[in-house]
Structure formats: C-alpha cells, structure tokens
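Peer 1: Below is structure-v7.pdb; it holds PDB, C-alpha atoms.
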ATOM      1  CA  ASP A  10       4.847 -19.191  16.017  1.00  0.00           C
ATOM      2  CA  TYR A  11       3.177 -22.482  16.915  1.00  0.00           C
ATOM      3  CA  MET A  12      -0.252 -21.068  16.025  1.00  0.00           C
ATOM      4  CA  VAL A  13       1.068 -19.784  12.708  1.00  0.00           C
ATOM      5  CA  LYS A  14       2.106 -23.319  11.781  1.00  0.00           C
ATOM      6  CA  HIS A  15      -0.853 -25.242  13.225  1.00  0.00           C
ATOM      7  CA  PHE A  16      -3.877 -22.913  13.324  1.00  0.00           C
ATOM      8  CA  TRP A  17      -5.801 -24.742  10.570  1.00  0.00           C
ATOM      9  CA  ASP A  18      -4.575 -28.305  11.267  1.00  0.00           C
ATOM     10  CA  LYS A  19      -7.980 -29.765  12.191  1.00  0.00           C
ATOM     11  CA  PHE A  20     -10.199 -27.503  10.137  1.00  0.00           C
ATOM     12  CA  ASP A  21     -12.534 -29.158   7.617  1.00  0.00           C
ATOM     13  CA  PHE A  22     -12.296 -26.974   4.518  1.00  0.00           C
ATOM     14  CA  SER A  23     -15.076 -28.930   2.825  1.00  0.00           C
ATOM     15  CA  ASP A  24     -17.612 -27.903   5.509  1.00  0.00           C
ATOM     16  CA  THR A  25     -19.054 -24.744   3.970  1.00  0.00           C
ATOM     17  CA  THR A  26     -21.519 -24.220   6.836  1.00  0.00           C
ATOM     18  CA  PHE A  27     -18.658 -22.400   8.567  1.00  0.00           C
ATOM     19  CA  ILE A  28     -18.882 -19.633   5.933  1.00  0.00           C
ATOM     20  CA  ALA A  29     -22.113 -18.278   7.409  1.00  0.00           C
ATOM     21  CA  ALA A  30     -20.787 -18.355  10.990  1.00  0.00           C
ATOM     22  CA  ASP A  31     -19.485 -15.227  12.679  1.00  0.00           C
ATOM     23  CA  ALA A  32     -16.944 -17.416  14.438  1.00  0.00           C
ATOM     24  CA  MET A  33     -15.302 -18.145  11.076  1.00  0.00           C
ATOM     25  CA  GLU A  34     -14.512 -14.505  10.410  1.00  0.00           C
ATOM     26  CA  GLN A  35     -13.290 -14.115  13.980  1.00  0.00           C
ATOM     27  CA  ALA A  36     -11.050 -17.139  13.493  1.00  0.00           C
ATOM     28  CA  TYR A  37      -9.594 -15.637  10.316  1.00  0.00           C
ATOM     29  CA  SER A  38      -9.010 -12.339  12.120  1.00  0.00           C
ATOM     30  CA  ASN A  39      -7.244 -14.164  14.968  1.00  0.00           C
ATOM     31  CA  TYR A  40      -5.122 -16.075  12.471  1.00  0.00           C
ATOM     32  CA  ILE A  41      -3.995 -12.884  10.710  1.00  0.00           C
ATOM     33  CA  GLY A  42      -3.147 -11.472  14.130  1.00  0.00           C
ATOM     34  CA  TYR A  43      -0.822 -14.422  14.771  1.00  0.00           C
ATOM     35  CA  LEU A  44       0.799 -13.948  11.361  1.00  0.00           C
ATOM     36  CA  MET A  45       1.482 -10.297  12.111  1.00  0.00           C
ATOM     37  CA  MET A  46       2.991 -11.089  15.532  1.00  0.00           C
ATOM     38  CA  SER A  47       5.395 -13.731  14.221  1.00  0.00           C
ATOM     39  CA  ARG A  48       8.897 -12.774  13.131  1.00  0.00           C
ATOM     40  CA  ASP A  49       9.409 -16.061  11.278  1.00  0.00           C
ATOM     41  CA  THR A  50       8.693 -14.732   7.786  1.00  0.00           C
ATOM     42  CA  ASP A  51       9.274 -18.117   6.129  1.00  0.00           C
ATOM     43  CA  ALA A  52       6.758 -19.808   8.433  1.00  0.00           C
ATOM     44  CA  VAL A  53       4.240 -17.013   7.855  1.00  0.00           C
ATOM     45  CA  GLY A  54       4.526 -17.313   4.080  1.00  0.00           C
ATOM     46  CA  ASN A  55       4.317 -21.105   4.167  1.00  0.00           C
ATOM     47  CA  SER A  56       1.284 -20.982   6.459  1.00  0.00           C
ATOM     48  CA  LEU A  57      -0.640 -18.552   4.275  1.00  0.00           C
ATOM     49  CA  ARG A  58       0.175 -20.461   1.101  1.00  0.00           C
ATOM     50  CA  SER A  59      -0.844 -23.705   2.796  1.00  0.00           C
ATOM     51  CA  LEU A  60      -4.167 -22.215   3.912  1.00  0.00           C
ATOM     52  CA  TYR A  61      -5.172 -21.141   0.422  1.00  0.00           C
ATOM     53  CA  GLY A  62      -3.805 -24.344  -1.060  1.00  0.00           C
ATOM     54  CA  LYS A  63      -5.996 -26.476   1.225  1.00  0.00           C
ATOM     55  CA  ALA A  64      -8.995 -24.221   0.574  1.00  0.00           C
ATOM     56  CA  GLN A  65      -8.849 -25.090  -3.137  1.00  0.00           C
ATOM     57  CA  ALA A  66     -10.666 -28.314  -2.240  1.00  0.00           C
ATOM     58  CA  SER A  67     -13.827 -26.233  -1.838  1.00  0.00           C
ATOM     59  CA  PRO A  68     -14.453 -23.377  -4.324  1.00  0.00           C
ATOM     60  CA  ALA A  69     -16.922 -21.738  -1.927  1.00  0.00           C
ATOM     61  CA  MET A  70     -14.456 -21.846   0.962  1.00  0.00           C
ATOM     62  CA  PHE A  71     -11.648 -20.529  -1.229  1.00  0.00           C
ATOM     63  CA  GLU A  72     -13.810 -17.620  -2.413  1.00  0.00           C
ATOM     64  CA  TYR A  73     -14.784 -16.846   1.182  1.00  0.00           C
ATOM     65  CA  LEU A  74     -11.168 -16.774   2.340  1.00  0.00           C
ATOM     66  CA  TRP A  75     -10.281 -14.656  -0.679  1.00  0.00           C
ATOM     67  CA  ASP A  76     -12.968 -12.155   0.380  1.00  0.00           C
ATOM     68  CA  MET A  77     -11.594 -12.184   3.924  1.00  0.00           C
ATOM     69  CA  ALA A  78      -8.126 -11.324   2.607  1.00  0.00           C
ATOM     70  CA  ASP A  79      -9.588  -8.387   0.689  1.00  0.00           C
ATOM     71  CA  LYS A  80     -11.286  -7.158   3.853  1.00  0.00           C
ATOM     72  CA  TYR A  81      -8.478  -7.658   6.361  1.00  0.00           C
ATOM     73  CA  LEU A  82      -5.290  -7.364   4.310  1.00  0.00           C
ATOM     74  CA  ASP A  83      -6.153  -4.979   1.472  1.00  0.00           C
ATOM     75  CA  ASP A  84      -8.804  -2.543   2.721  1.00  0.00           C
ATOM     76  CA  TYR A  85      -7.147   0.767   3.603  1.00  0.00           C
ATOM     77  CA  HIS A  86      -9.411   1.120   6.636  1.00  0.00           C
ATOM     78  CA  SER A  87      -8.337  -2.223   8.085  1.00  0.00           C
ATOM     79  CA  PRO A  88      -5.967  -2.013  11.065  1.00  0.00           C
ATOM     80  CA  MET A  89      -4.552  -5.347   9.871  1.00  0.00           C
ATOM     81  CA  ARG A  90      -3.794  -4.155   6.350  1.00  0.00           C
ATOM     82  CA  SER A  91      -0.583  -5.784   5.097  1.00  0.00           C
ATOM     83  CA  GLU A  92       0.699  -5.574   1.555  1.00  0.00           C
ATOM     84  CA  ASP A  93       3.282  -8.279   2.278  1.00  0.00           C
ATOM     85  CA  LEU A  94       0.622 -10.807   3.306  1.00  0.00           C
ATOM     86  CA  TYR A  95      -1.817  -9.725   0.610  1.00  0.00           C
ATOM     87  CA  ILE A  96       0.774 -10.347  -2.104  1.00  0.00           C
ATOM     88  CA  ILE A  97       1.036 -13.973  -0.931  1.00  0.00           C
ATOM     89  CA  VAL A  98      -2.763 -14.345  -1.128  1.00  0.00           C
ATOM     90  CA  LEU A  99      -2.922 -12.776  -4.595  1.00  0.00           C
ATOM     91  CA  ARG A 100      -0.293 -15.187  -5.866  1.00  0.00           C
ATOM     92  CA  SER A 101      -2.263 -18.073  -4.365  1.00  0.00           C
ATOM     93  CA  VAL A 102      -5.404 -16.864  -6.131  1.00  0.00           C
ATOM     94  CA  LEU A 103      -3.603 -16.620  -9.464  1.00  0.00           C
ATOM     95  CA  ALA A 104      -2.139 -20.113  -8.970  1.00  0.00           C
ATOM     96  CA  ASN A 105      -5.565 -21.663  -8.401  1.00  0.00           C
ATOM     97  CA  PRO A 106      -6.396 -23.653 -11.574  1.00  0.00           C
ATOM     98  CA  ASP A 107     -10.111 -23.660 -10.735  1.00  0.00           C
ATOM     99  CA  ILE A 108     -10.439 -19.879 -11.183  1.00  0.00           C
ATOM    100  CA  ASP A 109     -10.977 -18.822 -14.793  1.00  0.00           C
ATOM    101  CA  ASP A 110      -8.829 -16.153 -16.441  1.00  0.00           C
ATOM    102  CA  LEU A 111     -11.591 -13.559 -16.428  1.00  0.00           C
ATOM    103  CA  MET A 112     -11.894 -13.775 -12.634  1.00  0.00           C
ATOM    104  CA  LYS A 113      -8.118 -13.469 -12.347  1.00  0.00           C
ATOM    105  CA  GLU A 114      -7.944 -10.104 -14.124  1.00  0.00           C
ATOM    106  CA  ALA A 115      -8.641  -8.038 -10.991  1.00  0.00           C
ATOM    107  CA  PRO A 116      -6.203  -9.890  -8.677  1.00  0.00           C
ATOM    108  CA  ARG A 117      -3.585  -9.856 -11.444  1.00  0.00           C
ATOM    109  CA  HIS A 118      -3.832  -6.061 -11.658  1.00  0.00           C
ATOM    110  CA  LYS A 119      -3.809  -5.740  -7.861  1.00  0.00           C
ATOM    111  CA  LEU A 120      -0.640  -7.831  -7.697  1.00  0.00           C
ATOM    112  CA  GLU A 121       0.984  -5.728 -10.403  1.00  0.00           C
ATOM    113  CA  MET A 122       0.252  -2.551  -8.422  1.00  0.00           C
ATOM    114  CA  ALA A 123       1.277  -4.067  -5.074  1.00  0.00           C
ATOM    115  CA  LEU A 124       4.681  -5.011  -6.472  1.00  0.00           C
ATOM    116  CA  LYS A 125       5.469  -1.426  -7.504  1.00  0.00           C
ATOM    117  CA  ASN A 126       7.646   0.786  -5.281  1.00  0.00           C
ATOM    118  CA  ARG A 127       8.269  -1.920  -2.712  1.00  0.00           C
ATOM    119  CA  PRO A 128      10.492  -1.227   0.318  1.00  0.00           C
ATOM    120  CA  GLY A 129      14.140  -1.688  -0.657  1.00  0.00           C
ATOM    121  CA  GLU A 130      13.505  -1.135  -4.367  1.00  0.00           C
ATOM    122  CA  LEU A 131      14.133   1.937  -6.526  1.00  0.00           C
ATOM    123  CA  ALA A 132      11.048   4.142  -6.736  1.00  0.00           C
ATOM    124  CA  ASN A 133       9.493   4.924 -10.100  1.00  0.00           C
ATOM    125  CA  ASP A 134      10.717   8.244 -11.465  1.00  0.00           C
ATOM    126  CA  PHE A 135       8.327  10.838 -12.889  1.00  0.00           C
ATOM    127  CA  GLN A 136       8.263  14.400 -14.204  1.00  0.00           C
ATOM    128  CA  PHE A 137       6.389  17.210 -12.489  1.00  0.00           C
ATOM    129  CA  THR A 138       5.689  20.911 -12.746  1.00  0.00           C
ATOM    130  CA  ALA A 139       6.236  22.959  -9.590  1.00  0.00           C
ATOM    131  CA  SER A 140       3.766  25.628  -8.514  1.00  0.00           C
ATOM    132  CA  THR A 141       6.434  28.138  -9.586  1.00  0.00           C
ATOM    133  CA  GLY A 142       6.187  26.792 -13.151  1.00  0.00           C
ATOM    134  CA  GLN A 143       9.580  25.121 -12.987  1.00  0.00           C
ATOM    135  CA  LYS A 144       9.880  21.596 -14.408  1.00  0.00           C
ATOM    136  CA  GLY A 145      11.524  18.838 -12.443  1.00  0.00           C
ATOM    137  CA  SER A 146      11.657  15.130 -11.695  1.00  0.00           C
ATOM    138  CA  LEU A 147      11.729  12.928  -8.619  1.00  0.00           C
ATOM    139  CA  TYR A 148      15.256  11.723  -9.376  1.00  0.00           C
ATOM    140  CA  GLY A 149      16.336  15.302  -9.998  1.00  0.00           C
ATOM    141  CA  ILE A 150      15.839  16.075  -6.296  1.00  0.00           C
ATOM    142  CA  LYS A 151      19.259  15.878  -4.651  1.00  0.00           C
ATOM    143  CA  ALA A 152      19.024  15.013  -0.961  1.00  0.00           C
ATOM    144  CA  ASP A 153      20.027  12.273   1.455  1.00  0.00           C
ATOM    145  CA  PHE A 154      16.328  11.648   2.089  1.00  0.00           C
ATOM    146  CA  THR A 155      13.242  12.499   0.070  1.00  0.00           C
ATOM    147  CA  ILE A 156       9.656  12.258   1.245  1.00  0.00           C
ATOM    148  CA  LEU A 157       7.074  11.963  -1.518  1.00  0.00           C
ATOM    149  CA  PHE A 158       3.801  13.279  -0.121  1.00  0.00           C
ATOM    150  CA  ILE A 159       0.901  12.615  -2.525  1.00  0.00           C
ATOM    151  CA  TYR A 160      -2.082  14.803  -1.682  1.00  0.00           C
ATOM    152  CA  ASN A 161      -5.339  16.255  -2.984  1.00  0.00           C
ATOM    153  CA  LEU A 162      -6.490  19.861  -2.917  1.00  0.00           C
ATOM    154  CA  GLY A 163      -8.781  20.607   0.005  1.00  0.00           C
ATOM    155  CA  CYS A 164      -8.288  17.159   1.509  1.00  0.00           C
ATOM    156  CA  GLN A 165      -8.866  17.244   5.287  1.00  0.00           C
ATOM    157  CA  MET A 166      -6.851  14.092   5.961  1.00  0.00           C
ATOM    158  CA  CYS A 167      -4.009  15.517   3.859  1.00  0.00           C
ATOM    159  CA  GLN A 168      -4.057  18.599   6.089  1.00  0.00           C
ATOM    160  CA  GLN A 169      -3.820  16.413   9.197  1.00  0.00           C
ATOM    161  CA  VAL A 170      -0.877  14.493   7.745  1.00  0.00           C
ATOM    162  CA  ARG A 171       0.877  17.761   6.802  1.00  0.00           C
ATOM    163  CA  GLU A 172       0.457  19.050  10.353  1.00  0.00           C
ATOM    164  CA  GLY A 173       1.824  15.774  11.722  1.00  0.00           C
ATOM    165  CA  MET A 174       4.850  15.989   9.432  1.00  0.00           C
ATOM    166  CA  LEU A 175       5.558  19.588  10.452  1.00  0.00           C
ATOM    167  CA  SER A 176       5.331  18.575  14.107  1.00  0.00           C
ATOM    168  CA  VAL A 177       7.900  15.823  13.566  1.00  0.00           C
ATOM    169  CA  PHE A 178      10.154  18.127  11.530  1.00  0.00           C
ATOM    170  CA  GLY A 179      10.278  20.492  14.501  1.00  0.00           C
ATOM    171  CA  GLU A 180      11.876  17.888  16.752  1.00  0.00           C
ATOM    172  CA  PRO A 181      15.628  17.927  17.518  1.00  0.00           C
ATOM    173  CA  GLY A 182      17.624  16.199  14.802  1.00  0.00           C
ATOM    174  CA  MET A 183      14.804  16.305  12.287  1.00  0.00           C
ATOM    175  CA  SER A 184      14.794  20.106  12.159  1.00  0.00           C
ATOM    176  CA  GLU A 185      18.485  20.076  11.226  1.00  0.00           C
ATOM    177  CA  LEU A 186      17.872  17.556   8.440  1.00  0.00           C
ATOM    178  CA  VAL A 187      15.239  19.848   6.943  1.00  0.00           C
ATOM    179  CA  ARG A 188      17.188  23.082   7.505  1.00  0.00           C
ATOM    180  CA  SER A 189      20.351  21.678   5.887  1.00  0.00           C
ATOM    181  CA  GLY A 190      18.488  20.313   2.877  1.00  0.00           C
ATOM    182  CA  ARG A 191      19.481  16.727   3.626  1.00  0.00           C
ATOM    183  CA  LEU A 192      15.748  15.960   3.804  1.00  0.00           C
ATOM    184  CA  LYS A 193      13.454  17.341   1.116  1.00  0.00           C
ATOM    185  CA  VAL A 194       9.724  16.969   0.703  1.00  0.00           C
ATOM    186  CA  LEU A 195       7.965  16.721  -2.653  1.00  0.00           C
ATOM    187  CA  ALA A 196       4.282  17.559  -2.147  1.00  0.00           C
ATOM    188  CA  PHE A 197       2.754  16.090  -5.283  1.00  0.00           C
ATOM    189  CA  TYR A 198      -0.780  16.687  -6.543  1.00  0.00           C
ATOM    190  CA  PRO A 199      -1.376  13.896  -9.110  1.00  0.00           C
ATOM    191  CA  ASP A 200      -3.705  15.866 -11.364  1.00  0.00           C
ATOM    192  CA  GLU A 201      -3.420  18.315 -14.237  1.00  0.00           C
ATOM    193  CA  ASP A 202      -5.795  21.017 -13.028  1.00  0.00           C
ATOM    194  CA  MET A 203      -4.264  23.452 -10.547  1.00  0.00           C
ATOM    195  CA  SER A 204      -6.871  26.159 -11.196  1.00  0.00           C
ATOM    196  CA  GLU A 205      -7.979  25.859  -7.574  1.00  0.00           C
ATOM    197  CA  GLY A 206      -4.417  25.499  -6.340  1.00  0.00           C
ATOM    198  CA  ASP A 207      -4.008  29.139  -5.324  1.00  0.00           C
ATOM    199  CA  LYS A 208      -6.556  28.596  -2.559  1.00  0.00           C
ATOM    200  CA  TYR A 209      -4.336  25.985  -0.957  1.00  0.00           C
ATOM    201  CA  LEU A 210      -0.831  27.334  -1.606  1.00  0.00           C
ATOM    202  CA  GLY A 211      -0.576  28.310   2.047  1.00  0.00           C
ATOM    203  CA  ASP A 212      -1.109  24.698   3.058  1.00  0.00           C
ATOM    204  CA  ILE A 213       2.265  23.663   1.640  1.00  0.00           C
ATOM    205  CA  PRO A 214       5.345  25.016   3.476  1.00  0.00           C
ATOM    206  CA  ALA A 215       7.602  27.266   1.399  1.00  0.00           C
ATOM    207  CA  ASN A 216      10.597  24.937   1.835  1.00  0.00           C
ATOM    208  CA  TRP A 217       8.695  21.993   0.313  1.00  0.00           C
ATOM    209  CA  ILE A 218       8.509  21.387  -3.441  1.00  0.00           C
ATOM    210  CA  ASN A 219       4.842  21.855  -4.338  1.00  0.00           C
ATOM    211  CA  ALA A 220       4.129  20.182  -7.682  1.00  0.00           C
ATOM    212  CA  TYR A 221       1.449  18.747  -9.931  1.00  0.00           C
ATOM    213  CA  ASP A 222       1.232  16.482 -12.982  1.00  0.00           C
ATOM    214  CA  PRO A 223       0.006  18.346 -16.094  1.00  0.00           C
ATOM    215  CA  GLU A 224       0.467  15.239 -18.258  1.00  0.00           C
ATOM    216  CA  GLN A 225      -1.100  12.940 -15.629  1.00  0.00           C
ATOM    217  CA  ASN A 226       1.618  10.380 -16.294  1.00  0.00           C
ATOM    218  CA  VAL A 227       1.656   9.061 -12.735  1.00  0.00           C
ATOM    219  CA  SER A 228      -2.015   8.073 -12.809  1.00  0.00           C
ATOM    220  CA  ARG A 229      -2.209   7.237 -16.532  1.00  0.00           C
ATOM    221  CA  LYS A 230       0.847   4.968 -16.438  1.00  0.00           C
ATOM    222  CA  GLU A 231      -0.007   3.756 -12.915  1.00  0.00           C
ATOM    223  CA  LEU A 232       3.491   4.545 -11.661  1.00  0.00           C
ATOM    224  CA  TYR A 233       2.179   4.708  -8.084  1.00  0.00           C
ATOM    225  CA  SER A 234      -0.873   3.272  -6.389  1.00  0.00           C
ATOM    226  CA  LEU A 235      -3.295   6.146  -5.846  1.00  0.00           C
ATOM    227  CA  ARG A 236      -6.026   4.125  -4.141  1.00  0.00           C
ATOM    228  CA  ALA A 237      -5.536   6.044  -0.905  1.00  0.00           C
ATOM    229  CA  ILE A 238      -4.614   9.706  -0.590  1.00  0.00           C
ATOM    230  CA  PRO A 239      -2.657  11.019   1.195  1.00  0.00           C
ATOM    231  CA  SER A 240       0.199   8.593   0.598  1.00  0.00           C
ATOM    232  CA  LEU A 241       3.755   8.861   1.879  1.00  0.00           C
ATOM    233  CA  TYR A 242       6.989   7.351   0.548  1.00  0.00           C
ATOM    234  CA  LEU A 243      10.356   7.775   2.280  1.00  0.00           C
ATOM    235  CA  MET A 244      13.383   7.382  -0.010  1.00  0.00           C
ATOM    236  CA  ASP A 245      17.153   7.455   0.420  1.00  0.00           C
ATOM    237  CA  LYS A 246      19.601   9.451  -1.730  1.00  0.00           C
ATOM    238  CA  ASP A 247      19.323   6.885  -4.538  1.00  0.00           C
ATOM    239  CA  LYS A 248      15.513   7.074  -4.403  1.00  0.00           C
ATOM    240  CA  ARG A 249      15.315   3.586  -2.940  1.00  0.00           C
TER     241      ARG A 249
END
Once you've parsed the file, please lay out its structure as structure tokens.

Peer 2:
Amino acid sequence: DYMVKHFWDKFDFSDTTFIAADAMEQAYSNYIGYLMMSRDTDAVGNSLRSLYGKAQASPAMFEYLWDMADKYLDDYHSPMRSEDLYIIVLRSVLANPDIDDLMKEAPRHKLEMALKNRPGELANDFQFTASTGQKGSLYGIKADFTILFIYNLGCQMCQQVREGMLSVFGEPGMSELVRSGRLKVLAFYPDEDMSEGDKYLGDIPANWINAYDPEQNVSRKELYSLRAIPSLYLMDKDKR
C-alpha cells in the first residue's frame, strides 16, 4: 500500500531518456504489480490518476505510459490484464487537454466497450436462433445462474474451455446445479453462417443451448466485446 502511494514520488517525468531504458518498463510492470496486490481501491485509483496527471508535463512520457497501459492492462495475452485499471487510464487519456480529438477516438471507443457488461450490472440482452431452429433471447432463459459462453466454430481454445467447464460441472454441487436446471449454459456463436455448424454439433453438450446470431446484432451493435474468443460471462437469475 505504501508503494502504491509513493512509487513515483521522486521520478522526473520530464526526463525522456528513461523511455528508451528497459528499467523503465520493468518499473512500470512492478508498479502495476503493486496496484494489483493492494486492496485499497481508492488509493489504487488515486495513484493511477496521479501518475497520468503528472505525466502530462511531458507529451512523450505520457504517450509512453499510455502504450505501457495498452500492453500490460489491455492486451489479452498479458497476465496483468485488468479492465478496472485500464478504465482509469482511458479516462485519464480522454481528460488530457494536450491530446487532440482525433487521437482520442480509439480510447473513447475502448472506454465505451470496457464499460459494457460490467460486474454487478445487468447484461445486455440479445436475440438468438438455436441450432434446433427455435428463437430465443438471453433474458428468456429462466435459471438461477446463466453462463454465456461465446465461441467460434473449430476454435481449439474454445474446445479447451468447454472441456474445463464440463470437468467443473462434474464436481459435487455443480453437477446438481446443472442437472436441476438451476444453472444453464448458452453456447453462443456470434455469426450468421452456421453452414459448417453440423461438423461441430458434437462439441456442444446436449443440455446446453447452442445458438447463433443470424442478424449479427451482437457484433453489429457491439453489445458485447468480441476482441477475445472464447469469452465467458456468469450471470444471476436477473442476468446481472
């Protein structure tokens, strides 16, 4: 908690020679590690906002730290990826008066997407067509818990996630939730073309709802972030 509050106290943000130093990226990585270890959410938010506020004194330093946030907090391959922290950075970028509106278009869109379907909020509803031809909607699924599993046809990582889910569902307690219907899974293919779907029907368990999006509303209206597939959302009975 001390490091969260004081990590950058003696750093000279005007000294851009640090940008080319490997030690600078390591320092940023260490700093993010401290943020993720702290449970003082107010201090974490204040620290991150302070960092990007001080960096405004040097456009080059601000841009560098912005790039570091993209790499460590937003990249899906980063073990430090954190939407909560990245939202704070995006808001700091948009609040920087030295960045022109054109440069703010991308972070503005990223912030818009990051704020959708946040934990504790109601998920965006959408219509789907099941592999049986039956129409339905996310909110039309009646269950204490719903897992939205967004996948692609023939996706190896999707197959690994499915196998992991089935392994968990076989454990005591979980198996009863599935058997009783208190937990339902919507396996959702966010595309209109299911011509190849027959090849992969066996991949989706019979007691899951296997569906696709013939109108492509989810991707066209950007109801969910589809930057990384597979994606999983766990919802309560109210679809929160």

Peer 1: So which one's closest to Ser59 in chain A, A:Tyr233, A:Tyr160, A:Phe16, A:Trp217? Using only C-alpha atoms, please.

Peer 2: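 Checking each candidate against Ser59 in chain A, we get A:Phe16 as the closest.
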
Peer 1: Considering only C-alpha atoms, state which residue in the set A:Ala32, A:Ile108, A:Leu131, A:Ala215 is at the smallest distance from Leu243 in chain A.

Peer 2: A:Leu131

Peer 1: Taking the file above as input, evaluate the PyMOL selection byres ((chain A and resi 109-122) around 8) and report the hits as a list in words.

Peer 2: Ile96, Leu99, Arg100, Val102, Leu103, Pro106, Asp107, Ile108, Ala123, Leu124, Lys125, Glu231, Tyr233 and Ser234 of chain A

Peer 1: Set the distance at 12 Å and use all atoms listed in the file: which residues neighbour Arg229 in chain A once local chain neighbours fewer than 5 positions away are removed? I'd like the list as number ranges by chain.

Peer 2: A: 135, 199-201, 222-224, 234-235

Peer 1: With distances taken over only C-alpha atoms, which residue among A:Gly190, A:Gly179, A:Gly129, A:Gly145 lies nearest Ala220 in chain A?

Peer 2: A:Gly145

Peer 1: In Å, how far is it from CA of Pro181 in chain A to CA of Phe154 in chain A?

Peer 2: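 Spanning CA of Pro181 in chain A to CA of Phe154 in chain A is a straight-line distance of 16.7 Å.
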
Peer 1: Could you tell me which residues the PyMOL selection byres ((chain A and resi 25) around 12) grabs in this file, written as a list of chain:residue names?

Peer 2: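 With the shown file as input, the PyMOL selection byres ((chain A and resi 25) around 12) matches A:Phe20, A:Asp21, A:Phe22, A:Ser23, A:Asp24, A:Thr26, A:Phe27, A:Ile28, A:Ala29, A:Ala30, A:Met33, A:Ala64, A:Ala66, A:Ser67, A:Pro68, A:Ala69, A:Met70, A:Phe71, A:Glu72, A:Tyr73, A:Leu74.
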
Peer 1: Which residues come within 12 Å of Ala132 in chain A, counting all atoms listed in the file, excluding same-chain residues fewer than 5 positions away, as number ranges by chain?

Peer 2: A: 124-127, 147-148, 155-157, 232-234, 242-249
